[in-house]
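K.L.:
Pasting upload-v4.pdb here (PDB, C-alpha atoms, pLDDT in the B column):
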MODEL        1
ATOM      1  CA  MET A   1     123.234 -42.547 136.550  1.00 41.00           C
ATOM      2  CA  PHE A   2     121.532 -41.091 139.592  1.00 48.00           C
ATOM      3  CA  GLU A   3     120.707 -43.268 142.558  1.00 53.00           C
ATOM      4  CA  ARG A   4     117.090 -42.993 143.599  1.00 59.00           C
ATOM      5  CA  GLY A   5     116.604 -41.377 147.001  1.00 70.00           C
ATOM      6  CA  ASP A   6     113.650 -40.622 149.225  1.00 92.00           C
ATOM      7  CA  TYR A   7     112.506 -38.222 146.498  1.00 96.00           C
ATOM      8  CA  ASP A   8     113.351 -37.521 142.885  1.00 96.00           C
ATOM      9  CA  ALA A   9     113.662 -33.818 143.641  1.00 97.00           C
ATOM     10  CA  ILE A  10     113.678 -31.552 146.670  1.00 98.00           C
ATOM     11  CA  VAL A  11     112.584 -27.935 146.287  1.00 98.00           C
ATOM     12  CA  ILE A  12     113.336 -25.235 148.844  1.00 97.00           C
ATOM     13  CA  GLY A  13     110.695 -22.502 148.989  1.00 96.00           C
ATOM     14  CA  ALA A  14     106.977 -22.431 148.165  1.00 97.00           C
ATOM     15  CA  GLY A  15     106.783 -19.038 146.511  1.00 95.00           C
ATOM     16  CA  PHE A  16     105.867 -18.622 142.863  1.00 95.00           C
ATOM     17  CA  GLY A  17     109.029 -20.379 141.639  1.00 96.00           C
ATOM     18  CA  GLY A  18     108.722 -23.271 144.073  1.00 98.00           C
ATOM     19  CA  MET A  19     105.052 -23.854 143.311  1.00 98.00           C
ATOM     20  CA  TYR A  20     105.791 -23.875 139.591  1.00 97.00           C
ATOM     21  CA  ALA A  21     108.704 -26.296 140.066  1.00 98.00           C
ATOM     22  CA  LEU A  22     106.486 -28.618 142.106  1.00 98.00           C
ATOM     23  CA  HIS A  23     103.726 -28.546 139.508  1.00 98.00           C
ATOM     24  CA  ARG A  24     106.053 -29.185 136.571  1.00 97.00           C
ATOM     25  CA  LEU A  25     108.125 -31.877 138.268  1.00 98.00           C
ATOM     26  CA  ARG A  26     105.247 -33.737 139.922  1.00 98.00           C
ATOM     27  CA  ASP A  27     102.301 -33.230 137.595  1.00 97.00           C
ATOM     28  CA  ASP A  28     104.012 -32.981 134.207  1.00 96.00           C
ATOM     29  CA  LEU A  29     107.022 -35.265 134.733  1.00 97.00           C
ATOM     30  CA  GLY A  30     105.595 -37.657 137.327  1.00 97.00           C
ATOM     31  CA  LEU A  31     108.453 -37.230 139.798  1.00 97.00           C
ATOM     32  CA  ARG A  32     108.330 -37.683 143.576  1.00 97.00           C
ATOM     33  CA  VAL A  33     108.879 -34.165 144.919  1.00 97.00           C
ATOM     34  CA  ARG A  34     109.109 -32.653 148.390  1.00 97.00           C
ATOM     35  CA  VAL A  35     109.004 -28.897 148.972  1.00 98.00           C
ATOM     36  CA  TYR A  36     110.241 -27.333 152.208  1.00 97.00           C
ATOM     37  CA  GLU A  37     108.814 -23.947 153.190  1.00 97.00           C
ATOM     38  CA  ARG A  38     109.626 -22.129 156.435  1.00 94.00           C
ATOM     39  CA  GLY A  39     106.364 -20.171 156.306  1.00 94.00           C
ATOM     40  CA  THR A  40     102.997 -21.670 157.158  1.00 96.00           C
ATOM     41  CA  ASP A  41     101.560 -21.222 153.664  1.00 97.00           C
ATOM     42  CA  VAL A  42     102.519 -20.631 150.044  1.00 98.00           C
ATOM     43  CA  GLY A  43     103.322 -17.261 148.514  1.00 95.00           C
ATOM     44  CA  GLY A  44     106.991 -16.552 149.213  1.00 92.00           C
ATOM     45  CA  THR A  45     107.616 -12.823 149.286  1.00 88.00           C
ATOM     46  CA  TRP A  46     103.889 -12.179 149.279  1.00 90.00           C
ATOM     47  CA  TYR A  47     103.407 -14.426 152.304  1.00 92.00           C
ATOM     48  CA  TRP A  48     106.097 -12.656 154.334  1.00 88.00           C
ATOM     49  CA  ASN A  49     105.619  -9.034 153.264  1.00 85.00           C
ATOM     50  CA  ARG A  50     102.337  -8.038 154.883  1.00 84.00           C
ATOM     51  CA  TYR A  51     103.104  -4.487 155.882  1.00 82.00           C
ATOM     52  CA  PRO A  52     100.395  -1.841 155.435  1.00 85.00           C
ATOM     53  CA  GLY A  53     100.112  -0.758 151.818  1.00 88.00           C
ATOM     54  CA  ALA A  54     102.281  -3.535 150.351  1.00 88.00           C
ATOM     55  CA  ARG A  55     101.617  -3.964 146.659  1.00 89.00           C
ATOM     56  CA  CYS A  56     103.307  -4.928 143.434  1.00 88.00           C
ATOM     57  CA  ASP A  57     105.229  -2.559 141.202  1.00 88.00           C
ATOM     58  CA  VAL A  58     104.740  -4.684 138.083  1.00 88.00           C
ATOM     59  CA  GLU A  59     101.490  -5.458 136.339  1.00 89.00           C
ATOM     60  CA  SER A  60      99.388  -8.309 137.676  1.00 86.00           C
ATOM     61  CA  MET A  61      99.712 -10.261 134.429  1.00 84.00           C
ATOM     62  CA  PHE A  62     103.376 -10.872 135.322  1.00 83.00           C
ATOM     63  CA  TYR A  63     102.238 -12.800 138.396  1.00 79.00           C
ATOM     64  CA  SER A  64      99.876 -14.973 136.378  1.00 89.00           C
ATOM     65  CA  TYR A  65     101.034 -18.464 135.524  1.00 92.00           C
ATOM     66  CA  SER A  66     100.686 -19.272 131.844  1.00 92.00           C
ATOM     67  CA  PHE A  67     101.011 -23.071 132.042  1.00 92.00           C
ATOM     68  CA  SER A  68      97.245 -23.569 132.340  1.00 91.00           C
ATOM     69  CA  GLU A  69      94.720 -21.855 130.105  1.00 91.00           C
ATOM     70  CA  GLU A  70      91.952 -22.818 132.536  1.00 92.00           C
ATOM     71  CA  LEU A  71      93.778 -21.099 135.385  1.00 91.00           C
ATOM     72  CA  GLU A  72      94.301 -18.004 133.250  1.00 89.00           C
ATOM     73  CA  GLN A  73      90.580 -17.864 132.456  1.00 90.00           C
ATOM     74  CA  GLU A  74      89.274 -18.486 135.972  1.00 92.00           C
ATOM     75  CA  TRP A  75      91.305 -15.828 137.804  1.00 92.00           C
ATOM     76  CA  GLU A  76      90.570 -12.133 137.363  1.00 91.00           C
ATOM     77  CA  TRP A  77      92.825  -9.509 138.858  1.00 93.00           C
ATOM     78  CA  THR A  78      90.963  -6.546 140.332  1.00 93.00           C
ATOM     79  CA  GLU A  79      93.808  -4.078 139.777  1.00 91.00           C
ATOM     80  CA  ARG A  80      96.579  -3.541 137.296  1.00 92.00           C
ATOM     81  CA  PHE A  81      99.164  -3.312 140.109  1.00 93.00           C
ATOM     82  CA  PRO A  82      97.696  -5.613 142.738  1.00 94.00           C
ATOM     83  CA  PRO A  83      98.001  -5.260 146.499  1.00 95.00           C
ATOM     84  CA  GLN A  84      99.734  -7.940 148.585  1.00 94.00           C
ATOM     85  CA  PRO A  85      96.518  -9.628 149.801  1.00 95.00           C
ATOM     86  CA  GLU A  86      95.363 -10.211 146.225  1.00 95.00           C
ATOM     87  CA  ILE A  87      98.714 -11.670 145.103  1.00 95.00           C
ATOM     88  CA  LEU A  88      98.730 -13.968 148.135  1.00 96.00           C
ATOM     89  CA  ALA A  89      95.125 -14.981 147.396  1.00 97.00           C
ATOM     90  CA  TYR A  90      96.183 -15.887 143.851  1.00 96.00           C
ATOM     91  CA  ALA A  91      99.091 -17.999 145.141  1.00 97.00           C
ATOM     92  CA  ARG A  92      96.732 -19.793 147.516  1.00 98.00           C
ATOM     93  CA  HIS A  93      94.230 -20.330 144.697  1.00 97.00           C
ATOM     94  CA  VAL A  94      96.946 -21.922 142.554  1.00 97.00           C
ATOM     95  CA  ALA A  95      98.037 -24.158 145.447  1.00 98.00           C
ATOM     96  CA  ASP A  96      94.436 -25.296 145.936  1.00 98.00           C
ATOM     97  CA  ARG A  97      93.685 -25.648 142.223  1.00 97.00           C
ATOM     98  CA  PHE A  98      96.661 -27.979 141.652  1.00 97.00           C
ATOM     99  CA  ASP A  99      96.658 -29.641 145.102  1.00 98.00           C
ATOM    100  CA  LEU A 100     100.214 -28.470 145.744  1.00 98.00           C
ATOM    101  CA  ARG A 101     100.089 -28.343 149.543  1.00 98.00           C
ATOM    102  CA  ARG A 102     100.102 -32.145 149.884  1.00 97.00           C
ATOM    103  CA  ASP A 103     103.784 -32.181 148.881  1.00 98.00           C
ATOM    104  CA  ILE A 104     104.890 -29.113 150.846  1.00 97.00           C
ATOM    105  CA  ALA A 105     106.283 -29.328 154.379  1.00 97.00           C
ATOM    106  CA  PHE A 106     105.273 -25.991 155.907  1.00 97.00           C
ATOM    107  CA  GLY A 107     106.990 -24.478 158.914  1.00 97.00           C
ATOM    108  CA  THR A 108     110.161 -26.313 157.957  1.00 96.00           C
ATOM    109  CA  SER A 109     113.570 -24.874 157.099  1.00 95.00           C
ATOM    110  CA  VAL A 110     116.372 -26.642 155.300  1.00 96.00           C
ATOM    111  CA  THR A 111     119.394 -26.370 157.583  1.00 96.00           C
ATOM    112  CA  ALA A 112     121.967 -28.273 155.530  1.00 97.00           C
ATOM    113  CA  ALA A 113     122.412 -29.708 152.062  1.00 97.00           C
ATOM    114  CA  SER A 114     125.420 -31.536 150.701  1.00 97.00           C
ATOM    115  CA  PHE A 115     126.016 -33.476 147.524  1.00 96.00           C
ATOM    116  CA  GLU A 116     127.173 -37.063 147.914  1.00 94.00           C
ATOM    117  CA  ARG A 117     129.182 -37.850 144.795  1.00 94.00           C
ATOM    118  CA  SER A 118     129.338 -41.588 145.397  1.00 92.00           C
ATOM    119  CA  GLY A 119     125.537 -41.859 145.282  1.00 90.00           C
ATOM    120  CA  ASN A 120     124.953 -38.879 142.988  1.00 93.00           C
ATOM    121  CA  ARG A 121     122.390 -37.437 145.358  1.00 95.00           C
ATOM    122  CA  TRP A 122     121.736 -34.549 147.688  1.00 96.00           C
ATOM    123  CA  LEU A 123     121.560 -35.144 151.425  1.00 96.00           C
ATOM    124  CA  VAL A 124     119.187 -32.616 152.968  1.00 96.00           C
ATOM    125  CA  GLU A 125     118.521 -31.899 156.647  1.00 95.00           C
ATOM    126  CA  THR A 126     115.729 -29.818 158.127  1.00 95.00           C
ATOM    127  CA  ASP A 127     115.197 -28.013 161.401  1.00 96.00           C
ATOM    128  CA  ARG A 128     112.633 -30.693 162.277  1.00 94.00           C
ATOM    129  CA  GLY A 129     115.282 -33.414 162.234  1.00 93.00           C
ATOM    130  CA  GLU A 130     114.344 -34.833 158.848  1.00 92.00           C
ATOM    131  CA  HIS A 131     117.113 -36.335 156.695  1.00 94.00           C
ATOM    132  CA  VAL A 132     116.091 -36.911 153.077  1.00 96.00           C
ATOM    133  CA  THR A 133     117.834 -37.538 149.789  1.00 96.00           C
ATOM    134  CA  ALA A 134     117.205 -36.792 146.132  1.00 96.00           C
ATOM    135  CA  PRO A 135     119.307 -36.623 142.979  1.00 96.00           C
ATOM    136  CA  PHE A 136     118.048 -33.079 142.340  1.00 97.00           C
ATOM    137  CA  LEU A 137     117.900 -30.061 144.671  1.00 97.00           C
ATOM    138  CA  ILE A 138     116.186 -26.911 143.448  1.00 97.00           C
ATOM    139  CA  THR A 139     116.424 -23.746 145.503  1.00 96.00           C
ATOM    140  CA  THR A 140     113.679 -21.211 144.853  1.00 95.00           C
ATOM    141  CA  VAL A 141     114.218 -19.083 147.935  1.00 89.00           C
ATOM    142  CA  GLY A 142     114.474 -15.838 145.994  1.00 71.00           C
ATOM    143  CA  CYS A 143     116.446 -12.704 146.663  1.00 60.00           C
ATOM    144  CA  LEU A 144     114.168 -11.508 149.472  1.00 58.00           C
ATOM    145  CA  SER A 145     114.278 -14.642 151.629  1.00 54.00           C
ATOM    146  CA  ALA A 146     116.659 -13.268 154.273  1.00 61.00           C
ATOM    147  CA  SER A 147     115.607 -10.042 155.930  1.00 66.00           C
ATOM    148  CA  ARG A 148     118.081  -7.773 157.689  1.00 72.00           C
ATOM    149  CA  VAL A 149     117.101  -5.403 160.452  1.00 76.00           C
ATOM    150  CA  PRO A 150     119.320  -2.331 160.246  1.00 77.00           C
ATOM    151  CA  ASP A 151     121.548  -1.562 163.239  1.00 80.00           C
ATOM    152  CA  ILE A 152     119.837   1.616 164.452  1.00 82.00           C
ATOM    153  CA  PRO A 153     121.051   2.930 167.809  1.00 85.00           C
ATOM    154  CA  GLY A 154     118.261   2.727 170.387  1.00 85.00           C
ATOM    155  CA  LEU A 155     116.052   0.391 168.336  1.00 82.00           C
ATOM    156  CA  ASP A 156     116.174  -2.332 170.988  1.00 83.00           C
ATOM    157  CA  GLY A 157     114.761   0.099 173.573  1.00 87.00           C
ATOM    158  CA  PHE A 158     112.011   1.561 171.360  1.00 85.00           C
ATOM    159  CA  ALA A 159     108.611   0.879 172.958  1.00 88.00           C
ATOM    160  CA  GLY A 160     106.417   1.517 169.904  1.00 84.00           C
ATOM    161  CA  GLU A 161     105.502  -0.760 166.995  1.00 80.00           C
ATOM    162  CA  THR A 162     108.104  -1.391 164.323  1.00 77.00           C
ATOM    163  CA  TYR A 163     107.608  -2.856 160.874  1.00 70.00           C
ATOM    164  CA  HIS A 164     110.089  -4.519 158.545  1.00 68.00           C
ATOM    165  CA  THR A 165     109.123  -5.087 154.923  1.00 62.00           C
ATOM    166  CA  GLY A 166     110.678  -8.562 154.979  1.00 60.00           C
ATOM    167  CA  ARG A 167     108.759  -9.702 158.049  1.00 59.00           C
TER     168      ARG A 167
ENDMDL
END
Represent the structure from my file as C-alpha cells, please.
P.N.:
Amino acid sequence: MFERGDYDAIVIGAGFGGMYALHRLRDDLGLRVRVYERGTDVGGTWYWNRYPGARCDVESMFYSYSFSEELEQEWEWTERFPPQPEILAYARHVADRFDLRRDIAFGTSVTAASFERSGNRWLVETDRGEHVTAPFLITTVGCLSASRVPDIPGLDGFAGETYHTGR
C-alpha cells in the first residue's frame, strides 16, 4: 500500500507527454497531480526550439491528441508538416482547453528525487526549495531536454550571434 503524500503523482516536464499525463491522471482518474516544468510555458521541445525555420519532420496528425473528439474537431493544422510556432500554439491551446496550467509549476526544475521505501513514496526537491512527496513519479522530459553546446575552439570569443537548436 502506498502512503499518501503531498500529491498522488508528480510529473516532470510539460511537453506533450507531460500534458497528457496530467490530463489523464487528474481529469480521468481524479488524482492530485503536480507538474514541474523548467520553461515558462508548455510545449517541451517546441517551447525550447525556436530557431529560424524550425518545423516538424512528421505529419501534423502525429502531434494531435486523440483522447478528445472535440479537441480533434476544433483544431485545424494549416500545414502537413507544421512549423514550430504552430505546434507550440497547439500545445498552448490544449493547455488552455483542459485548464492544465493550474497544476504546472513553471520556471521550476526538479533537482533531486529519491524513493523512500519505508513510506513507498518519492521525495522530490526543486530549485525553488520545494520538498514534495508522491507515491508516483513520472518523468516526461524527453530525449531533447538537455542541450549540449559543442566544444568549438574560439566559440567563447565569437562576437556574432549564435544559435543552438536546443535553446
K.L.:
Taking the file as I've supplied it (selection: the PyMOL selection byres ((chain A and resi 3-15) around 8)), which residues are included? Please answer as a ChimeraX atom specification.
P.N.:
/A:1-2,16-19,21-22,25,31-38,41-46,91,104,110,119-121,132-141
K.L.:
Kindly give the distance, in Å, that separates atom CA of A:Arg55 and atom CA of A:Ile87, rounded to a single decimal.
P.N.:
8.4 Å
K.L.:
Between atom CA of A:Ser64 and atom CA of A:Trp77, measure the distance and give it in Å to one decimal.
P.N.:
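A separation of 9.3 Å between them.
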K.L.:
Which residues are near A:Ala112? Cut-off 10 Å, all atoms listed in the file, ignore same chain within fewer than 6 positions. Put them as number ranges by chain.
P.N.:
A: 123-127, 131
K.L.:
Identify the residues within 10 Å of coordinate (96.7, -4.1, 145.3) (same frame as the file), considering all atoms listed in the file, and give the answer as a list in words.
P.N.:
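Looking at atoms near the point gives Gly53, Ala54, Arg55, Cys56, Asp57, Ser60, Trp77, Thr78, Glu79, Arg80, Phe81, Pro82, Pro83, Gln84, Pro85, Glu86 and Ile87 of chain A.
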K.L.:
Please compute the atom CA of A:Ala95-atom CA of A:His23 distance, one decimal, in Å.
P.N.:
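Pair atom CA of A:Ala95 / atom CA of A:His23 returns 9.3 Å.
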K.L.:
Go through A:Leu100, A:Pro52, A:Glu161, A:Leu71 and flag the residue nearest A:Arg24, using only C-alpha atoms for the distances.
P.N.:
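That would be A:Leu100, the residue with the smallest distance to A:Arg24.
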K.L.:
Restricting the calculation to only C-alpha atoms, which member of A:Asp156, A:Glu72, A:Asp151, A:Asp28 is positioned closest to A:Arg97?
P.N.:
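Residue with the minimum atom-to-atom distance to A:Arg97: A:Glu72.
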